[in-house]
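Chemist: Input file: protein.pdb. Contents: PDB, C-alpha atoms (C1' of nucleotides).
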ATOM      1  CA  MET A   7       1.245  -8.923  -9.113
ATOM      2  CA  ILE A   8       4.890  -9.688  -8.821
ATOM      3  CA  LEU A   9       7.141 -11.673  -6.533
ATOM      4  CA  ASN A  10       9.644  -9.571  -4.712
ATOM      5  CA  GLN A  11      13.387  -9.680  -5.025
ATOM      6  CA  ALA A  12      13.838 -11.499  -1.738
ATOM      7  CA  THR A  13      11.762 -14.393  -3.048
ATOM      8  CA  ASP A  14      13.745 -14.531  -6.236
ATOM      9  CA  TYR A  15      16.980 -14.667  -4.247
ATOM     10  CA  ALA A  16      15.497 -17.394  -2.059
ATOM     11  CA  PHE A  17      14.695 -19.481  -5.158
ATOM     12  CA  ARG A  18      18.264 -19.195  -6.313
ATOM     13  CA  ALA A  19      19.740 -19.954  -2.922
ATOM     14  CA  ILE A  20      17.669 -23.114  -2.636
ATOM     15  CA  LEU A  21      18.434 -24.132  -6.189
ATOM     16  CA  TYR A  22      22.104 -23.825  -5.382
ATOM     17  CA  LEU A  23      21.845 -25.818  -2.165
ATOM     18  CA  ALA A  24      19.854 -28.473  -3.996
ATOM     19  CA  GLY A  25      22.769 -28.876  -6.369
ATOM     20  CA  GLN A  26      25.193 -29.729  -3.569
ATOM     21  CA  THR A  27      25.698 -33.165  -2.136
ATOM     22  CA  ARG A  28      22.981 -33.767   0.422
ATOM     23  CA  GLY A  29      23.754 -32.277   3.826
ATOM     24  CA  LYS A  30      26.823 -30.356   2.753
ATOM     25  CA  VAL A  31      27.114 -27.093   4.679
ATOM     26  CA  VAL A  32      27.567 -24.125   2.372
ATOM     27  CA  GLU A  33      28.480 -20.678   3.678
ATOM     28  CA  ALA A  34      26.403 -17.626   2.741
ATOM     29  CA  GLN A  35      29.415 -16.139   1.015
ATOM     30  CA  ALA A  36      29.482 -18.964  -1.542
ATOM     31  CA  ILE A  37      25.746 -18.841  -2.224
ATOM     32  CA  ALA A  38      25.853 -15.089  -2.647
ATOM     33  CA  ARG A  39      28.790 -15.202  -5.003
ATOM     34  CA  GLN A  40      27.535 -18.072  -7.124
ATOM     35  CA  GLN A  41      23.976 -16.795  -7.434
ATOM     36  CA  VAL A  42      24.855 -13.090  -7.674
ATOM     37  CA  VAL A  43      22.857 -12.104  -4.605
ATOM     38  CA  PRO A  44      23.924  -9.259  -2.284
ATOM     39  CA  MET A  45      25.418 -11.182   0.622
ATOM     40  CA  ARG A  46      23.983  -9.045   3.417
ATOM     41  CA  PHE A  47      20.529  -9.230   1.924
ATOM     42  CA  LEU A  48      20.763 -12.998   1.546
ATOM     43  CA  LEU A  49      21.744 -13.216   5.192
ATOM     44  CA  LYS A  50      18.538 -11.419   6.063
ATOM     45  CA  ILE A  51      16.375 -13.733   3.981
ATOM     46  CA  MET A  52      17.747 -17.079   5.166
ATOM     47  CA  PRO A  53      16.180 -17.041   8.645
ATOM     48  CA  SER A  54      12.692 -17.055   7.135
ATOM     49  CA  LEU A  55      13.585 -20.171   5.156
ATOM     50  CA  ILE A  56      14.840 -21.736   8.367
ATOM     51  CA  LYS A  57      11.653 -20.866  10.266
ATOM     52  CA  ALA A  58       9.695 -22.477   7.446
ATOM     53  CA  GLY A  59      11.695 -25.677   7.815
ATOM     54  CA  ILE A  60      13.167 -25.470   4.334
ATOM     55  CA  VAL A  61      16.823 -25.033   5.229
ATOM     56  CA  LYS A  62      18.918 -25.471   8.342
ATOM     57  CA  SER A  63      21.938 -23.530   9.445
ATOM     58  CA  GLN A  64      25.112 -24.283  11.280
ATOM     59  CA  ARG A  65      26.667 -21.401  13.149
ATOM     60  CA  GLY A  66      30.290 -20.726  13.990
ATOM     61  CA  VAL A  67      33.466 -21.450  12.051
ATOM     62  CA  GLY A  68      32.823 -23.633   9.023
ATOM     63  CA  GLY A  69      29.113 -22.968   9.375
ATOM     64  CA  GLY A  70      26.589 -22.226   6.677
ATOM     65  CA  TYR A  71      23.334 -23.545   5.284
ATOM     66  CA  TYR A  72      21.971 -26.813   3.967
ATOM     67  CA  LEU A  73      18.550 -28.081   2.936
ATOM     68  CA  ALA A  74      16.340 -29.414   5.688
ATOM     69  CA  LYS A  75      14.652 -31.855   3.318
ATOM     70  CA  ASP A  76      14.813 -33.453  -0.076
ATOM     71  CA  PRO A  77      14.647 -30.895  -2.930
ATOM     72  CA  LYS A  78      11.600 -32.670  -4.370
ATOM     73  CA  ASP A  79       9.769 -31.901  -1.127
ATOM     74  CA  ILE A  80      10.383 -28.173  -1.419
ATOM     75  CA  THR A  81       7.777 -26.502  -3.586
ATOM     76  CA  PHE A  82       7.729 -23.021  -5.050
ATOM     77  CA  LEU A  83       4.745 -22.357  -2.838
ATOM     78  CA  ASP A  84       6.758 -23.244   0.276
ATOM     79  CA  VAL A  85       9.390 -20.713  -0.644
ATOM     80  CA  VAL A  86       7.010 -17.931  -1.627
ATOM     81  CA  GLU A  87       5.055 -18.323   1.591
ATOM     82  CA  ALA A  88       8.197 -18.537   3.688
ATOM     83  CA  VAL A  89       9.457 -15.234   2.346
ATOM     84  CA  GLU A  90       6.288 -13.261   1.624
ATOM     85  CA  GLY A  91       3.759 -14.862   3.907
ATOM     86  CA  PRO A  92       0.453 -16.368   2.792
ATOM     87  CA  ILE A  93      -0.477 -15.695  -0.808
ATOM     88  CA  ALA A  94      -3.262 -13.240  -1.503
ATOM     89  CA  ILE A  95      -3.837 -11.845  -4.974
ATOM     90  CA  ASN A  96      -6.262  -9.284  -3.563
ATOM     91  CA  ARG A  97      -6.551  -7.928  -0.058
ATOM     92  CA  CYS A  98     -10.283  -8.657  -0.027
ATOM     93  CA  LEU A  99      -9.277 -12.319   0.088
ATOM     94  CA  VAL A 100      -7.425 -11.770   3.345
ATOM     95  CA  ASP A 101      -9.532  -9.299   5.214
ATOM     96  CA  GLU A 102     -13.235  -8.944   4.656
ATOM     97  CA  LYS A 103     -13.140  -5.302   5.585
ATOM     98  CA  TYR A 104     -11.606  -4.636   2.178
ATOM     99  CA  CYS A 105     -14.516  -6.272   0.391
ATOM    100  CA  SER A 106     -16.919  -3.515  -0.489
ATOM    101  CA  LYS A 107     -19.695  -6.068  -0.133
ATOM    102  CA  HIS A 108     -18.568  -6.946   3.418
ATOM    103  CA  GLY A 109     -19.176 -10.639   3.556
ATOM    104  CA  ALA A 110     -17.748 -12.515   0.683
ATOM    105  CA  PRO A 111     -20.419 -14.875  -0.631
ATOM    106  CA  THR A 112     -22.412 -12.126  -2.315
ATOM    107  CA  CYS A 113     -19.454 -10.595  -4.136
ATOM    108  CA  GLN A 114     -18.850 -12.160  -7.512
ATOM    109  CA  VAL A 115     -15.518 -10.504  -8.059
ATOM    110  CA  HIS A 116     -14.395 -12.006  -4.773
ATOM    111  CA  ARG A 117     -15.453 -15.454  -5.874
ATOM    112  CA  ALA A 118     -13.675 -15.243  -9.201
ATOM    113  CA  LEU A 119     -10.506 -14.013  -7.547
ATOM    114  CA  ALA A 120     -10.610 -16.802  -4.981
ATOM    115  CA  ASP A 121     -10.864 -19.210  -7.877
ATOM    116  CA  ILE A 122      -7.921 -17.731  -9.708
ATOM    117  CA  GLN A 123      -5.854 -17.667  -6.558
ATOM    118  CA  GLY A 124      -6.660 -21.317  -5.943
ATOM    119  CA  ILE A 125      -5.277 -22.271  -9.338
ATOM    120  CA  LEU A 126      -2.175 -20.199  -8.789
ATOM    121  CA  VAL A 127      -1.529 -21.841  -5.424
ATOM    122  CA  LEU A 128      -1.945 -25.293  -6.958
ATOM    123  CA  GLU A 129       0.464 -24.428  -9.701
ATOM    124  CA  LEU A 130       3.054 -23.073  -7.277
ATOM    125  CA  LYS A 131       2.679 -26.252  -5.282
ATOM    126  CA  SER A 132       3.216 -28.419  -8.332
ATOM    127  CA  HIS A 133       6.706 -27.100  -9.008
ATOM    128  CA  ASN A 134       9.457 -28.351  -6.724
ATOM    129  CA  PHE A 135      13.223 -28.089  -6.553
ATOM    130  CA  GLY A 136      13.750 -31.734  -7.350
ATOM    131  CA  ASP A 137      12.284 -31.270 -10.817
ATOM    132  CA  LEU A 138      14.654 -28.419 -11.471
ATOM    133  CA  GLN A 139      17.709 -30.585 -11.037
ATOM    134  CA  HIS A 140      17.771 -32.209 -14.472
TER
ATOM    135  CA  MET B   3       2.108 -11.028  -5.392
ATOM    136  CA  ILE B   4      -1.003  -8.973  -5.102
ATOM    137  CA  LEU B   5      -3.201  -6.944  -7.384
ATOM    138  CA  ASN B   6      -3.318  -3.296  -6.507
ATOM    139  CA  GLN B   7      -6.257  -1.327  -5.305
ATOM    140  CA  ALA B   8      -6.797   0.374  -8.637
ATOM    141  CA  THR B   9      -7.341  -3.006 -10.283
ATOM    142  CA  ASP B  10      -9.799  -4.032  -7.619
ATOM    143  CA  TYR B  11     -11.734  -0.820  -8.159
ATOM    144  CA  ALA B  12     -11.660  -1.395 -11.900
ATOM    145  CA  PHE B  13     -13.183  -4.867 -11.424
ATOM    146  CA  ARG B  14     -16.005  -3.398  -9.403
ATOM    147  CA  ALA B  15     -16.627  -0.561 -11.807
ATOM    148  CA  ILE B  16     -16.885  -2.967 -14.708
ATOM    149  CA  LEU B  17     -19.058  -5.373 -12.757
ATOM    150  CA  TYR B  18     -21.395  -2.481 -12.046
ATOM    151  CA  LEU B  19     -21.502  -1.350 -15.651
ATOM    152  CA  ALA B  20     -22.114  -4.927 -16.750
ATOM    153  CA  GLY B  21     -25.207  -4.945 -14.569
ATOM    154  CA  GLN B  22     -26.755  -1.986 -16.373
ATOM    155  CA  THR B  23     -28.796  -2.221 -19.517
ATOM    156  CA  ARG B  24     -26.403  -2.376 -22.431
ATOM    157  CA  GLY B  25     -25.162   1.036 -23.553
ATOM    158  CA  LYS B  26     -26.606   2.987 -20.653
ATOM    159  CA  VAL B  27     -24.336   5.861 -19.692
ATOM    160  CA  VAL B  28     -23.528   5.868 -15.987
ATOM    161  CA  GLU B  29     -21.793   8.800 -14.311
ATOM    162  CA  ALA B  30     -18.640   8.233 -12.223
ATOM    163  CA  GLN B  31     -20.480   9.525  -9.172
ATOM    164  CA  ALA B  32     -22.937   6.624  -9.303
ATOM    165  CA  ILE B  33     -20.267   3.971  -9.827
ATOM    166  CA  ALA B  34     -18.200   5.376  -6.981
ATOM    167  CA  ARG B  35     -21.115   5.491  -4.601
ATOM    168  CA  GLN B  36     -22.480   2.065  -5.439
ATOM    169  CA  GLN B  37     -19.154   0.290  -5.382
ATOM    170  CA  VAL B  38     -17.635   2.259  -2.494
ATOM    171  CA  VAL B  39     -14.711   3.565  -4.495
ATOM    172  CA  PRO B  40     -13.140   6.999  -3.891
ATOM    173  CA  MET B  41     -14.596   9.013  -6.724
ATOM    174  CA  ARG B  42     -11.470  10.957  -7.634
ATOM    175  CA  PHE B  43      -9.417   7.811  -7.699
ATOM    176  CA  LEU B  44     -11.948   6.082  -9.915
ATOM    177  CA  LEU B  45     -11.808   9.024 -12.276
ATOM    178  CA  LYS B  46      -8.093   8.482 -12.554
ATOM    179  CA  ILE B  47      -8.442   4.794 -13.324
ATOM    180  CA  MET B  48     -11.144   4.947 -15.976
ATOM    181  CA  PRO B  49      -8.983   6.400 -18.777
ATOM    182  CA  SER B  50      -6.795   3.281 -18.739
ATOM    183  CA  LEU B  51      -9.890   1.135 -19.242
ATOM    184  CA  ILE B  52     -10.870   3.376 -22.125
ATOM    185  CA  LYS B  53      -7.440   3.117 -23.740
ATOM    186  CA  ALA B  54      -7.721  -0.643 -23.460
ATOM    187  CA  GLY B  55     -11.034  -0.584 -25.291
ATOM    188  CA  ILE B  56     -12.993  -1.976 -22.358
ATOM    189  CA  VAL B  57     -15.220   1.003 -21.638
ATOM    190  CA  LYS B  58     -16.193   4.152 -23.464
ATOM    191  CA  SER B  59     -16.983   7.542 -22.055
ATOM    192  CA  GLN B  60     -19.333  10.344 -22.885
ATOM    193  CA  ARG B  61     -18.239  13.793 -21.781
ATOM    194  CA  GLY B  62     -20.334  16.788 -20.849
ATOM    195  CA  VAL B  63     -23.689  17.048 -19.083
ATOM    196  CA  GLY B  64     -25.347  13.675 -18.686
ATOM    197  CA  GLY B  65     -22.050  12.011 -19.550
ATOM    198  CA  GLY B  66     -20.447   9.018 -17.927
ATOM    199  CA  TYR B  67     -19.193   5.571 -18.808
ATOM    200  CA  TYR B  68     -20.509   2.451 -20.488
ATOM    201  CA  LEU B  69     -18.992  -0.835 -21.613
ATOM    202  CA  ALA B  70     -17.362  -0.879 -25.017
ATOM    203  CA  LYS B  71     -18.240  -4.541 -25.508
ATOM    204  CA  ASP B  72     -20.256  -7.430 -24.221
ATOM    205  CA  PRO B  73     -19.382  -8.348 -20.621
ATOM    206  CA  LYS B  74     -18.555 -11.890 -21.701
ATOM    207  CA  ASP B  75     -15.832 -10.472 -23.925
ATOM    208  CA  ILE B  76     -14.145  -8.692 -21.042
ATOM    209  CA  THR B  77     -11.785 -10.988 -19.187
ATOM    210  CA  PHE B  78     -10.067 -10.492 -15.856
ATOM    211  CA  LEU B  79      -6.811 -10.502 -17.767
ATOM    212  CA  ASP B  80      -7.996  -7.595 -19.917
ATOM    213  CA  VAL B  81      -8.685  -5.540 -16.830
ATOM    214  CA  VAL B  82      -5.501  -6.409 -14.979
ATOM    215  CA  GLU B  83      -3.385  -5.586 -18.004
ATOM    216  CA  ALA B  84      -5.289  -2.381 -18.679
ATOM    217  CA  VAL B  85      -4.605  -1.102 -15.180
ATOM    218  CA  GLU B  86      -1.250  -2.635 -14.270
ATOM    219  CA  GLY B  87       0.339  -3.301 -17.634
ATOM    220  CA  PRO B  88       1.582  -6.690 -18.811
ATOM    221  CA  ILE B  89       1.686  -9.385 -16.162
ATOM    222  CA  ALA B  90       5.055 -10.464 -14.806
ATOM    223  CA  ILE B  91       5.347 -12.534 -11.674
ATOM    224  CA  ASN B  92       9.089 -11.939 -11.584
ATOM    225  CA  ARG B  93      11.114  -9.179 -13.124
ATOM    226  CA  CYS B  94      13.484 -11.712 -14.692
ATOM    227  CA  LEU B  95      10.572 -12.602 -16.973
ATOM    228  CA  VAL B  96      10.441  -9.045 -18.283
ATOM    229  CA  ASP B  97      14.030  -8.008 -18.473
ATOM    230  CA  GLU B  98      16.856 -10.465 -18.895
ATOM    231  CA  LYS B  99      19.236  -8.227 -17.037
ATOM    232  CA  TYR B 100      17.519  -9.300 -13.819
ATOM    233  CA  CYS B 101      18.207 -12.953 -14.534
ATOM    234  CA  SER B 102      21.433 -13.810 -12.766
ATOM    235  CA  LYS B 103      22.068 -16.357 -15.519
ATOM    236  CA  HIS B 104      21.695 -13.681 -18.222
ATOM    237  CA  GLY B 105      19.991 -15.589 -20.972
ATOM    238  CA  ALA B 106      16.948 -17.434 -19.864
ATOM    239  CA  PRO B 107      17.163 -20.933 -21.320
ATOM    240  CA  THR B 108      19.822 -22.056 -18.847
ATOM    241  CA  CYS B 109      18.012 -20.834 -15.746
ATOM    242  CA  GLN B 110      15.654 -23.409 -14.335
ATOM    243  CA  VAL B 111      13.995 -21.059 -11.902
ATOM    244  CA  HIS B 112      13.200 -18.825 -14.835
ATOM    245  CA  ARG B 113      11.617 -21.702 -16.726
ATOM    246  CA  ALA B 114       9.460 -22.772 -13.809
ATOM    247  CA  LEU B 115       8.306 -19.212 -13.222
ATOM    248  CA  ALA B 116       7.444 -18.754 -16.876
ATOM    249  CA  ASP B 117       5.368 -21.915 -16.605
ATOM    250  CA  ILE B 118       3.520 -20.732 -13.533
ATOM    251  CA  GLN B 119       2.901 -17.346 -15.065
ATOM    252  CA  GLY B 120       1.495 -18.980 -18.172
ATOM    253  CA  ILE B 121      -1.066 -20.861 -16.123
ATOM    254  CA  LEU B 122      -1.990 -17.723 -14.211
ATOM    255  CA  VAL B 123      -2.513 -15.790 -17.422
ATOM    256  CA  LEU B 124      -4.699 -18.552 -18.828
ATOM    257  CA  GLU B 125      -6.759 -18.588 -15.680
ATOM    258  CA  LEU B 126      -7.209 -14.825 -15.688
ATOM    259  CA  LYS B 127      -8.265 -15.079 -19.290
ATOM    260  CA  SER B 128     -10.840 -17.745 -18.507
ATOM    261  CA  HIS B 129     -12.865 -15.523 -16.183
ATOM    262  CA  ASN B 130     -15.033 -12.895 -17.775
ATOM    263  CA  PHE B 131     -17.641 -10.438 -16.660
ATOM    264  CA  GLY B 132     -20.452 -12.224 -18.404
ATOM    265  CA  ASP B 133     -20.041 -15.259 -16.166
ATOM    266  CA  LEU B 134     -20.296 -13.055 -13.119
ATOM    267  CA  GLN B 135     -23.760 -11.878 -14.014
ATOM    268  CA  HIS B 136     -25.705 -14.867 -12.736
TER
ATOM    269  C1'  DT C  27     -24.287  30.725 -21.512
ATOM    270  C1'  DT C  28     -24.186  27.797 -17.811
ATOM    271  C1'  DA C  29     -23.460  23.910 -15.122
ATOM    272  C1'  DA C  30     -22.618  19.104 -15.125
ATOM    273  C1'  DA C  31     -19.728  15.923 -16.428
ATOM    274  C1'  DG C  32     -15.044  13.715 -17.858
ATOM    275  C1'  DT C  33      -9.651  14.780 -18.611
ATOM    276  C1'  DA C  34      -4.896  16.089 -17.501
ATOM    277  C1'  DC C  35      -1.266  16.571 -14.698
ATOM    278  C1'  DA C  36       1.064  17.846 -10.751
ATOM    279  C1'  DC C  37       1.346  17.046  -5.993
ATOM    280  C1'  DT C  38       1.316  14.606  -1.368
ATOM    281  C1'  DT C  39       1.586  11.203   2.216
ATOM    282  C1'  DA C  40       2.403   6.611   3.718
ATOM    283  C1'  DA C  41       3.962   2.096   2.961
ATOM    284  C1'  DT C  42       6.943  -1.103   0.856
ATOM    285  C1'  DT C  43      11.240  -2.561  -1.211
ATOM    286  C1'  DG C  44      15.833  -3.459  -1.300
ATOM    287  C1'  DG C  45      19.491  -2.707   1.075
ATOM    288  C1'  DT C  46      23.309  -1.387   4.944
ATOM    289  C1'  DG C  47      25.470  -0.579   9.775
ATOM    290  C1'  DT C  48      26.568  -2.188  13.991
ATOM    291  C1'  DA C  49      26.690  -5.156  17.654
ATOM    292  C1'  DC C  50      26.061  -9.719  19.068
ATOM    293  C1'  DT C  51      26.322 -15.034  19.523
ATOM    294  C1'  DT C  52      27.974 -19.447  18.312
ATOM    295  C1'  DT C  53      31.606 -22.656  17.509
ATOM    296  C1'  DA C  54      35.878 -25.145  15.410
ATOM    297  C1'  DA C  55      40.622 -24.885  15.787
ATOM    298  C1'  DG C  56      44.926 -23.835  17.842
TER
ATOM    299  C1'  DC D  24      40.698 -20.379  26.649
ATOM    300  C1'  DT D  25      41.325 -17.299  23.018
ATOM    301  C1'  DT D  26      40.623 -16.220  18.348
ATOM    302  C1'  DA D  27      38.474 -15.689  14.115
ATOM    303  C1'  DA D  28      35.009 -17.266  11.036
ATOM    304  C1'  DA D  29      30.586 -17.768  10.559
ATOM    305  C1'  DG D  30      25.331 -16.865  11.308
ATOM    306  C1'  DT D  31      21.686 -13.683  13.994
ATOM    307  C1'  DA D  32      19.187  -9.525  15.482
ATOM    308  C1'  DC D  33      17.621  -5.245  15.046
ATOM    309  C1'  DA D  34      17.719  -0.673  13.738
ATOM    310  C1'  DC D  35      18.312   2.397  10.081
ATOM    311  C1'  DC D  36      18.128   4.435   5.276
ATOM    312  C1'  DA D  37      17.149   5.882   0.317
ATOM    313  C1'  DA D  38      14.281   5.072  -3.549
ATOM    314  C1'  DT D  39      10.155   3.588  -5.397
ATOM    315  C1'  DT D  40       5.398   2.595  -5.527
ATOM    316  C1'  DA D  41       0.624   2.988  -3.954
ATOM    317  C1'  DA D  42      -3.270   5.454  -3.004
ATOM    318  C1'  DG D  43      -5.343   9.439  -3.033
ATOM    319  C1'  DT D  44      -6.039  14.996  -3.678
ATOM    320  C1'  DG D  45      -5.843  19.816  -5.782
ATOM    321  C1'  DT D  46      -6.492  22.621  -9.419
ATOM    322  C1'  DA D  47      -7.309  23.913 -13.889
ATOM    323  C1'  DC D  48      -9.213  22.556 -18.147
ATOM    324  C1'  DT D  49     -12.456  20.686 -21.926
ATOM    325  C1'  DT D  50     -16.702  18.930 -23.605
ATOM    326  C1'  DT D  51     -21.609  19.140 -24.155
ATOM    327  C1'  DA D  52     -26.865  19.065 -23.107
ATOM    328  C1'  DA D  53     -30.222  22.192 -21.807
TER
END
For this file, produce the structure as structure tokens.

Modeler:
Amino acid sequence: MILNQATDYAFRAILYLAGQTRGKVVEAQAIARQQVVPMRFLLKIMPSLIKAGIVKSQRGVGGGYYLAKDPKDITFLDVVEAVEGPIAINRCLVDEKYCSKHGAPTCQVHRALADIQGILVLELKSHNFGDLQH
Amino acid sequence: MILNQATDYAFRAILYLAGQTRGKVVEAQAIARQQVVPMRFLLKIMPSLIKAGIVKSQRGVGGGYYLAKDPKDITFLDVVEAVEGPIAINRCLVDEKYCSKHGAPTCQVHRALADIQGILVLELKSHNFGDLQH
DNA sequence: TTAAAGTACACTTAATTGGTGTACTTTAAG
DNA sequence: CTTAAAGTACACCAATTAAGTGTACTTTAA
């Protein structure tokens, strides 16, 4: 029931990029140093943010990263899902084979968990990186 | 960002006990069989539910488990915390040393996460095993 | 006294986490 | 057109956690 370190680093990287003037290309080195993230690990995380359309990169000399959209359009949910994949607070919510009642509608635990997960997803969606800026 | 298997099994065990007539002692064997939980693993989980005051046990011949209180007074949060310990969606919420800004109030990611976690905890608290019974 | 039950604790195997190593590709600048 | 600074790709690794087992023990009704 915990976000992993990669997600935490992703939050910080995006927060940092959101604090730059829009479109400014920032090298990994700078993000890593400023946000106290192991540089090599950050470099491994960034591509998933790119695939998710959250940041863009520029390769070659003077390259780096910049946000692909306005910070207020980047939610916590976007970042979590980009790094960890779709949210599932219990594996029975992903794959029915893990539901001892095989076939969700009869399992009341399943229903309650789906409920709770729904609220969590909404809440993650309601926080964005624009709000964090002030 | 997922509950572990032990917690899932605990939910099912409690759901099963909640479906029995109040105070009836049910042996681990029966819970395991009915809820499709590996018996030995269940036996390892139950003591944490006992420590948390959620179930009680009777040892010896004819022994087993029964709920320590009314199902409606057992929340999902109670069970999660009994099995997994206090909830923390990010380690920076538990131990400041993991917050790159050392000292929470200045870190905006930290604040947003604390917010989200608060909602999650409330939601877990709002579901109980009495509601599941009908 | 016996056998059925829960308890305790050590162990095991596999997966996941958090990183690193090494080689590669892209690209601005000289 | 070469160089060096940057990101990318993919394989590897050590430590931790997850999920489950083995074995010995304690409690207790019959």

Chemist: Could you list the residues chosen by the PyMOL selection byres ((chain B) within 12 of (chain C)) in this structure as a ChimeraX atom specification?

Modeler: /B:27-31,42,44-50,52,58-67

Chemist: Residues of chain D that approach chain A to 6 Å or less, counting only C-alpha atoms (C1' of nucleotides): could you list each one with the shortest pair of atoms and its distance in Å to one decimal, rows by chain and increasing residue number, as a Markdown table?

Modeler:
| residue | atom | partner | partner_atom | distance |
| --- | --- | --- | --- | --- |
| D:DA28 | C1' | A:Val67 | CA | 4.6 |
| D:DA29 | C1' | A:Gly66 | CA | 4.5 |
| D:DG30 | C1' | A:Arg65 | CA | 5.1 |

Chemist: With C-alpha atoms (C1' of nucleotides) retained, write the just-selected residues as a short mmCIF file (atom, residue, chain, number, x, y, z; two decimals), in the frame of the given file.

Modeler:
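Output saved as selection_3.cif:
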data_model
loop_
_atom_site.label_atom_id
_atom_site.label_comp_id
_atom_site.auth_asym_id
_atom_site.auth_seq_id
_atom_site.Cartn_x
_atom_site.Cartn_y
_atom_site.Cartn_z
"C1'" DA D 28 35.01 -17.27 11.04
"C1'" DA D 29 30.59 -17.77 10.56
"C1'" DG D 30 25.33 -16.86 11.31
#

Chemist: Compile the residues of chain B that lie within 7 Å of chain A, evaluated using all atoms listed in the file, and express the compilation as number ranges by chain.

Modeler: B: 3-5, 13, 37-38, 90-92, 102, 110-111, 118, 122, 125-126, 134

Chemist: Between CA of Leu99 (chain A) and CA of Ile16 (chain B), what distance in Å does the model show, to one decimal?

Modeler: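 Between these atoms lies a distance of 19.1 Å.
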
Chemist: For Val85 (chain A), list every protein, DNA or RNA residue within 8 Å, evaluated using all atoms listed in the file, and leave out those in the same chain fewer than 4 positions away; present the list as a short mmCIF file (atom, residue, chain, number, x, y, z; two decimals) with C-alpha atoms, keeping the file's coordinate frame.

Modeler:
data_model
loop_
_atom_site.label_atom_id
_atom_site.label_comp_id
_atom_site.auth_asym_id
_atom_site.auth_seq_id
_atom_site.Cartn_x
_atom_site.Cartn_y
_atom_site.Cartn_z
CA THR A 13 11.76 -14.39 -3.05
CA ALA A 16 15.50 -17.39 -2.06
CA PHE A 17 14.70 -19.48 -5.16
CA LEU A 55 13.58 -20.17 5.16
CA ILE A 60 13.17 -25.47 4.33
CA ILE A 80 10.38 -28.17 -1.42
CA THR A 81 7.78 -26.50 -3.59
CA VAL A 89 9.46 -15.23 2.35
#

Chemist: Just the number, please: distance in Å from CA of Lys78 (chain A) to CA of Asp97 (chain B), one decimal.

Modeler: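 Spanning CA of Lys78 (chain A) to CA of Asp97 (chain B) is a straight-line distance of 28.5 Å.
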
Chemist: Could you please determine the separation between CA of Tyr22 (chain A) and CA of Asp76 (chain A) in Å, to one decimal place?

Modeler: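 One can read the CA of Tyr22 (chain A) to CA of Asp76 (chain A) distance as 13.2 Å.
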
Chemist: Using the chain letters and numbers from the file, give me the residues hit by the PyMOL selection byres ((chain D and resi 37-45) around 7), as a PyMOL selection string.

Modeler: (chain B and resi 43) or (chain D and resi 36+46)
